[in-house]
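J.: To start, I am sharing the structure in question, which I have written as structure tokens.
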2 protein chains.
Amino acid sequence: MTSELGSTSRVTMATVAEVAGVSVASVSNALNERVGLSPEVRSRILAVADGLGYRRNTLAQELRIGRSRTVGLSVVDLANPFYADLSQGVVKTAGEHDYDVFLSSVGPESESLKEVVDGFLDRRLGGLLFTSLTNADAELLRRLQKHAIPFVKLVRDVQGVVADWVGIDDYSGGVALGDHIAATGRKTVACLGGPSDSNASAARVNGIRMGLARKGINLINEAQPNLHGTPTRMSGYNRALSLLQENKRIECIIGGNDVIAIGILDACRDNGFSVPEDIAVAGFDNMTFSSAGPLELTTVDVPREQIGAIGMKFLIERMDGFTGPPRRKFLPFDLAIRSSTSPKSD
Amino acid sequence: MTSELGSTSRVTMATVAEVAGVSVASVSNALNERVGLSPEVRSRILAVADGLGYRRNTLAQELRIGRSRTVGLSVVDLANPFYADLSQGVVKTAGEHDYDVFLSSVGPESESLKEVVDGFLDRRLGGLLFTSLTNADAELLRRLQKHAIPFVKLVRDVQGVVADWVGIDDYSGGVALGDHIAATGRKTVACLGGPSDSNASAARVNGIRMGLARKGINLINEAQPNLHGTPTRMSGYNRALSLLQENKRIECIIGGNDVIAIGILDACRDNGFSVPEDIAVAGFDNMTFSSAGPLELTTVDVPREQIGAIGMKFLIERMDGFTGPPRRKFLPFDLAIRSSTSPKSD
DNA sequence: CTGAAAGCGCTTACAG
DNA sequence: CTGAAAGCGCTTACAG
């Protein structure tokens, strides 16, 4: 009498209908709270469904109605806490609005963005959220627009793709940081930015440059290839190493993000430079670990979780049919001044 | 002639079949590389599908075949880098085997584990991966077993639920850590562990206690409620604060994980205790930030990403029909000794 | 070697 | 107020 695999064969609407003595249509209507069902029948159906432990098959439902309450989130590197925090904001807000999140990782070891997007589309997800975009992704995004798939860009923007975007004014953040460094009295300053194909990284470096320039300070590595690079700790370490070796008088190194800055701090430690006495170090993002016990990194506080949350909110509005013009939401940021850039005491 | 919404109405197998002049069955057979199709027809179908930009509808396919190449991953707090690293391992391994990951967050603000699991089941996911389980979840897991849904427990184990598990021997890790602390010559030692309903946290504390006891050292907060607590920085800070105030002679505080340990370091810094001169601090996990510039935390190196990767591999084997007895995989760990527990120099 | 047909579990007009 | 029927886009025996 019982099926071979799985002691309990799934209970479907047909099962509920049979037990309740009604049609599957009525079961569907009852479950979806549609009008035109006598209260008695409706509550009987609900009771039966409950008793049988009925659960609606999401695949069947979504296939039929052609819409999904699941959104796709594409992330380059979950192990990078920046994206983990961002994702947390997305997942939390999604949950509050009864949406789910399908996560895909883009990366050298994993899939390309195109493959990730294909996977999203194959699942007929209701909307998409992107991080880590570059201008090279413009065509892909335009294809989504052609298919009328709503999406939101997070943190980084893409030239020529007019769509909702949420982030901060990275340029102004950079200016504030450069300004602060100049005010500490340091004049020999280098910057080790993130990848140049990230518009956010580029804006940060531009802002830092401008903030310093206003006080007559030029980046000592302005023309060098190390001005931009991979946003990893390793890259920060290696690039800082060569800076420290080439220029013994260097007074400050600014990382394009906190992960790079940690690499810079490692390099300083390993080479006997004490921070901030010998050299100042600053970052960008204000990751949780940026202020931890003895580690006190000056940085720009980027509201990562909020970016994810508002991005998700924008996406929900689009999925709900909002057709207003694309929005660009600049979230406020703060400069977190800590001991890694304490004024020179000489 | 064009449909109102979405310029390009989706191309389905029917479209491909019509253009190629064959039946949908043949299209399906061609796409699924089944035998019994003349090479010519097959390649023509493939060419047409490609030309039309055909993409298989995953919902329809999964509904039909009743299996899914998507697995569910339940995580308490993505913003906690421990789970982010674990997730990275899962996602990466999944991608390598052509599986996808559906992520759900359990938490006070979000859904309960039951809701998360229901969501997984409603989507007919092929298998599930759990982190942060407690004994209270036993019933839920047994229900999954009754329905023959494969799952793997990560890091934490659950009493009475015999199923695949991947983690480290937390007890031995604790012993190694306690042993090390004793060897540094410190005798007044406290431990601020994670939640007592986590079998991993409990094992860690037990191990630490044993490692110290072998050298005749007892935890000074053995009987106190602060021996276990929330695994957050805030909790570490607050618990450390009261320890420092109550016992000026305290020589070492061990955190049940690195996040707690960071809170301990914060408390030391804010109260003028220098590490390791005045007091030693140790953690557990070896998070990336645990060694960062001036921050040099002694800790147990837990291979988080590998736990996720192997857990995913186990799950794939189960989904592929492996029916061997449940496995318990203990991954090797290391003790990372750093300056936060340097020997007392008196 | 290829196609017609049934069916996965839903939803939604449309009759009655 | 309720049900029979078609259909979402696939896959899979089963005929031919």
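By convention here, the chains of the structure tokens are called A, B, ... in the order presented, each chain's residues are numbered starting at 1, and ligands are numbered starting at 1 in the order presented.
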For stretch 5-16 of chain C, work out the shell of residues within 6 Å, counting only C-alpha atoms (C1' of nucleotides) and skipping chain neighbours fewer than 4 positions away, then give it as a ChimeraX atom specification.
T.: /A:60-61 /B:63-64
J.: Considering only C-alpha atoms (C1' of nucleotides), return as a list in words whatever protein or nucleic-acid residues lie within 7 Å of stretch 330-345 of chain A, sequence-local ones (same chain, fewer than 4 positions apart) excluded.
T.: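 Listed by chain and then number, they are Val166, Gly167, Ile168, Asp169, Thr184, Gly185, Val275, Pro276, Glu277, Ala280, Val281, Ala282, Glu296, Leu297, Thr298, Thr299, Val300, Asp301, Val302 and Pro303 of chain A.
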J.: Find the residues near stretch 323-325 of chain B: any atom within 10 Å, counting only C-alpha atoms (C1' of nucleotides), skip ones fewer than 3 places away on the same chain, and give them as an MDAnalysis selection string.
T.: chainID B and resid 162:164 317:320 328
J.: So that I can check the secondary structure, give me every residue of stretch 37-182 of chain A assigned strand (DSSP E or B) by backbone DSSP, as a PyMOL selection string.
T.: chain A and resi 70-75+100-106+111+127-130+151-154+165-168
J.: Pick out the residues sitting within 10 Å of A:Val155, and hand them over as a list in words; count only C-alpha atoms (C1' of nucleotides), and ignore anything fewer than 2 positions along from it in its own chain.
T.: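 Contacts, with the query itself left out: Leu86, Phe130, Thr131, Ser132, Leu133, Val152, Lys153, Asp157, Trp165, Val166, Gly167, Ile168, Asp169, Asp170, Ser198, Asn199, Ala200, Val302, Arg304, Ile307, Gly308, Gly311 and Phe330 of chain A.
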J.: What are the DSSP helix (DSSP H, G or I) residues of stretch 18-267 of chain A, as a ChimeraX atom specification?
T.: /A:18-20,24-31,39-52,58-65,81-96,113-122,135-146,170-183,199-213,225-227,233-246,258-267
J.: Can you work out which residues from chain A touch chain C at a cut-off of 12 Å (counting only C-alpha atoms (C1' of nucleotides)) and hand them back as a VMD selection string?
T.: chain A and resid 10 to 15 24 to 29 31 to 32 34 55 to 66
J.: Can I get the selection written as a PDB file, in the first residue's frame, with N, CA and C atoms?
T.:
```pdb
ATOM      1  N   ARG A  10       4.126  12.257  -1.324  1.00  0.00           N
ATOM      2  CA  ARG A  10       3.700  13.643  -1.142  1.00  0.00           C
ATOM      3  C   ARG A  10       2.194  13.818  -1.236  1.00  0.00           C
ATOM      4  N   VAL A  11       1.665  14.645  -0.364  1.00  0.00           N
ATOM      5  CA  VAL A  11       0.249  14.968  -0.469  1.00  0.00           C
ATOM      6  C   VAL A  11       0.108  16.212  -1.338  1.00  0.00           C
ATOM      7  N   THR A  12      -0.740  16.107  -2.349  1.00  0.00           N
ATOM      8  CA  THR A  12      -0.949  17.208  -3.284  1.00  0.00           C
ATOM      9  C   THR A  12      -2.349  17.789  -3.086  1.00  0.00           C
ATOM     10  N   MET A  13      -2.674  18.760  -3.898  1.00  0.00           N
ATOM     11  CA  MET A  13      -4.013  19.349  -3.817  1.00  0.00           C
ATOM     12  C   MET A  13      -5.071  18.286  -4.099  1.00  0.00           C
ATOM     13  N   ALA A  14      -4.727  17.358  -4.969  1.00  0.00           N
ATOM     14  CA  ALA A  14      -5.672  16.293  -5.298  1.00  0.00           C
ATOM     15  C   ALA A  14      -5.997  15.476  -4.052  1.00  0.00           C
ATOM     16  N   THR A  15      -4.973  15.195  -3.250  1.00  0.00           N
ATOM     17  CA  THR A  15      -5.190  14.454  -2.017  1.00  0.00           C
ATOM     18  C   THR A  15      -6.140  15.218  -1.101  1.00  0.00           C
ATOM     19  N   VAL A  24     -10.170  20.088  -6.836  1.00  0.00           N
ATOM     20  CA  VAL A  24      -8.876  20.730  -6.614  1.00  0.00           C
ATOM     21  C   VAL A  24      -8.992  22.236  -6.791  1.00  0.00           C
ATOM     22  N   ALA A  25      -9.876  22.657  -7.689  1.00  0.00           N
ATOM     23  CA  ALA A  25     -10.070  24.095  -7.894  1.00  0.00           C
ATOM     24  C   ALA A  25     -10.469  24.763  -6.582  1.00  0.00           C
ATOM     25  N   SER A  26     -11.372  24.115  -5.872  1.00  0.00           N
ATOM     26  CA  SER A  26     -11.809  24.699  -4.600  1.00  0.00           C
ATOM     27  C   SER A  26     -10.673  24.717  -3.583  1.00  0.00           C
ATOM     28  N   VAL A  27      -9.862  23.682  -3.600  1.00  0.00           N
ATOM     29  CA  VAL A  27      -8.715  23.669  -2.697  1.00  0.00           C
ATOM     30  C   VAL A  27      -7.814  24.842  -3.007  1.00  0.00           C
ATOM     31  N   SER A  28      -7.544  25.014  -4.283  1.00  0.00           N
ATOM     32  CA  SER A  28      -6.696  26.129  -4.701  1.00  0.00           C
ATOM     33  C   SER A  28      -7.311  27.457  -4.271  1.00  0.00           C
ATOM     34  N   ASN A  29      -8.583  27.596  -4.521  1.00  0.00           N
ATOM     35  CA  ASN A  29      -9.262  28.836  -4.144  1.00  0.00           C
ATOM     36  C   ASN A  29      -9.202  29.087  -2.640  1.00  0.00           C
ATOM     37  N   LEU A  31      -6.965  27.936  -0.504  1.00  0.00           N
ATOM     38  CA  LEU A  31      -5.590  28.231  -0.109  1.00  0.00           C
ATOM     39  C   LEU A  31      -5.159  29.628  -0.529  1.00  0.00           C
ATOM     40  N   ASN A  32      -5.686  30.096  -1.628  1.00  0.00           N
ATOM     41  CA  ASN A  32      -5.284  31.401  -2.128  1.00  0.00           C
ATOM     42  C   ASN A  32      -6.223  32.512  -1.679  1.00  0.00           C
ATOM     43  N   ARG A  34      -9.247  33.229  -2.192  1.00  0.00           N
ATOM     44  CA  ARG A  34     -10.070  33.889  -3.199  1.00  0.00           C
ATOM     45  C   ARG A  34     -11.520  33.924  -2.717  1.00  0.00           C
ATOM     46  N   ARG A  55       1.581  20.879   1.712  1.00  0.00           N
ATOM     47  CA  ARG A  55       2.431  22.029   1.398  1.00  0.00           C
ATOM     48  C   ARG A  55       2.385  22.229  -0.108  1.00  0.00           C
ATOM     49  N   ARG A  56       2.172  23.451  -0.510  1.00  0.00           N
ATOM     50  CA  ARG A  56       2.072  23.748  -1.929  1.00  0.00           C
ATOM     51  C   ARG A  56       3.416  23.538  -2.624  1.00  0.00           C
ATOM     52  N   ASN A  57       3.391  22.964  -3.770  1.00  0.00           N
ATOM     53  CA  ASN A  57       4.600  22.764  -4.570  1.00  0.00           C
ATOM     54  C   ASN A  57       4.931  24.065  -5.293  1.00  0.00           C
ATOM     55  N   THR A  58       6.024  24.691  -4.848  1.00  0.00           N
ATOM     56  CA  THR A  58       6.391  25.993  -5.406  1.00  0.00           C
ATOM     57  C   THR A  58       6.713  25.917  -6.894  1.00  0.00           C
ATOM     58  N   LEU A  59       7.340  24.821  -7.295  1.00  0.00           N
ATOM     59  CA  LEU A  59       7.694  24.672  -8.712  1.00  0.00           C
ATOM     60  C   LEU A  59       6.437  24.729  -9.577  1.00  0.00           C
ATOM     61  N   ALA A  60       5.444  23.945  -9.176  1.00  0.00           N
ATOM     62  CA  ALA A  60       4.210  23.886  -9.957  1.00  0.00           C
ATOM     63  C   ALA A  60       3.515  25.244  -9.968  1.00  0.00           C
ATOM     64  N   GLN A  61       3.472  25.852  -8.805  1.00  0.00           N
ATOM     65  CA  GLN A  61       2.800  27.139  -8.725  1.00  0.00           C
ATOM     66  C   GLN A  61       3.479  28.184  -9.615  1.00  0.00           C
ATOM     67  N   GLU A  62       4.805  28.264  -9.483  1.00  0.00           N
ATOM     68  CA  GLU A  62       5.515  29.280 -10.256  1.00  0.00           C
ATOM     69  C   GLU A  62       5.457  28.995 -11.749  1.00  0.00           C
ATOM     70  N   LEU A  63       5.517  27.720 -12.097  1.00  0.00           N
ATOM     71  CA  LEU A  63       5.430  27.366 -13.513  1.00  0.00           C
ATOM     72  C   LEU A  63       4.097  27.849 -14.065  1.00  0.00           C
ATOM     73  N   ARG A  64       3.073  27.636 -13.274  1.00  0.00           N
ATOM     74  CA  ARG A  64       1.735  27.984 -13.741  1.00  0.00           C
ATOM     75  C   ARG A  64       1.533  29.509 -13.812  1.00  0.00           C
ATOM     76  N   ILE A  65       1.835  30.202 -12.744  1.00  0.00           N
ATOM     77  CA  ILE A  65       1.526  31.632 -12.734  1.00  0.00           C
ATOM     78  C   ILE A  65       2.598  32.475 -13.419  1.00  0.00           C
ATOM     79  N   GLY A  66       3.746  31.876 -13.677  1.00  0.00           N
ATOM     80  CA  GLY A  66       4.764  32.608 -14.420  1.00  0.00           C
ATOM     81  C   GLY A  66       5.460  33.718 -13.652  1.00  0.00           C
TER      82      GLY A  66
END
```
J.: Wanna dump the chain A-chain B contacts at 8 Å for me, each residue with its shortest atom pair and the distance in Å to one decimal, counting only C-alpha atoms, ordered by chain and number, as a tab-separated table?
T.:
```
residue	atom	partner	partner_atom	distance
A:Leu5	CA	B:Ala148	CA	7.8
A:Gly6	CA	B:His147	CA	5.3
A:Ser7	CA	B:His147	CA	6.5
A:Thr8	CA	B:His147	CA	6.2
A:Arg55	CA	B:Asp122	CA	6.4
A:Arg56	CA	B:Asp122	CA	6.2
A:Asn57	CA	B:Asp122	CA	5.0
A:Thr58	CA	B:Arg123	CA	5.2
A:Leu59	CA	B:Leu59	CA	5.3
A:Ala60	CA	B:Leu63	CA	6.3
A:Glu62	CA	B:Leu59	CA	7.5
A:Leu63	CA	B:Leu59	CA	6.0
A:Asp77	CA	B:Gln88	CA	7.4
A:Leu78	CA	B:Gln88	CA	5.5
A:Ala79	CA	B:Asp85	CA	4.7
A:Asn80	CA	B:Ala84	CA	7.8
A:Pro81	CA	B:Pro81	CA	6.0
A:Ala84	CA	B:Ala79	CA	5.3
A:Asp85	CA	B:Ala79	CA	4.7
A:Ser87	CA	B:Leu78	CA	7.2
A:Gln88	CA	B:Leu78	CA	5.5
A:Val91	CA	B:Ser105	CA	6.9
A:Lys92	CA	B:Ser110	CA	6.3
A:Gly95	CA	B:Ser110	CA	6.1
A:Glu96	CA	B:Ser110	CA	7.0
A:Asp100	CA	B:Ser104	CA	7.5
A:Val101	CA	B:Leu103	CA	6.3
A:Phe102	CA	B:Phe102	CA	5.0
A:Leu103	CA	B:Phe102	CA	6.1
A:Ser104	CA	B:Val101	CA	7.2
A:Ser105	CA	B:Val91	CA	6.9
A:Glu109	CA	B:Lys92	CA	7.4
A:Ser110	CA	B:Gly95	CA	6.1
A:Glu111	CA	B:Gly95	CA	7.3
A:Asp122	CA	B:Asn57	CA	5.0
A:Arg123	CA	B:Thr58	CA	5.2
A:Arg124	CA	B:Asn57	CA	7.5
A:Lys146	CA	B:Ser7	CA	6.7
A:His147	CA	B:Gly6	CA	5.3
A:Ala148	CA	B:Gly6	CA	5.4
A:Ile262	CA	B:Ala292	CA	5.9
A:Gly263	CA	B:Gly293	CA	7.6
A:Ile264	CA	B:Gly293	CA	7.9
A:Leu265	CA	B:Gly293	CA	4.5
A:Asp266	CA	B:Gly293	CA	4.3
A:Ala267	CA	B:Gly293	CA	7.7
A:Cys268	CA	B:Gly293	CA	7.5
A:Arg269	CA	B:Gly293	CA	5.9
A:Phe289	CA	B:Phe289	CA	6.3
A:Ala292	CA	B:Ile262	CA	5.9
A:Gly293	CA	B:Asp266	CA	4.3
A:Pro294	CA	B:Leu295	CA	5.8
A:Leu295	CA	B:Leu295	CA	5.7
```
J.: Quick check, in Å to one decimal: how far apart do atom CA of B:Leu128 and atom CA of B:Phe151 lie?
T.: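 Taking atom CA of B:Leu128 as the start and atom CA of B:Phe151 as the end point, the length is 4.5 Å.
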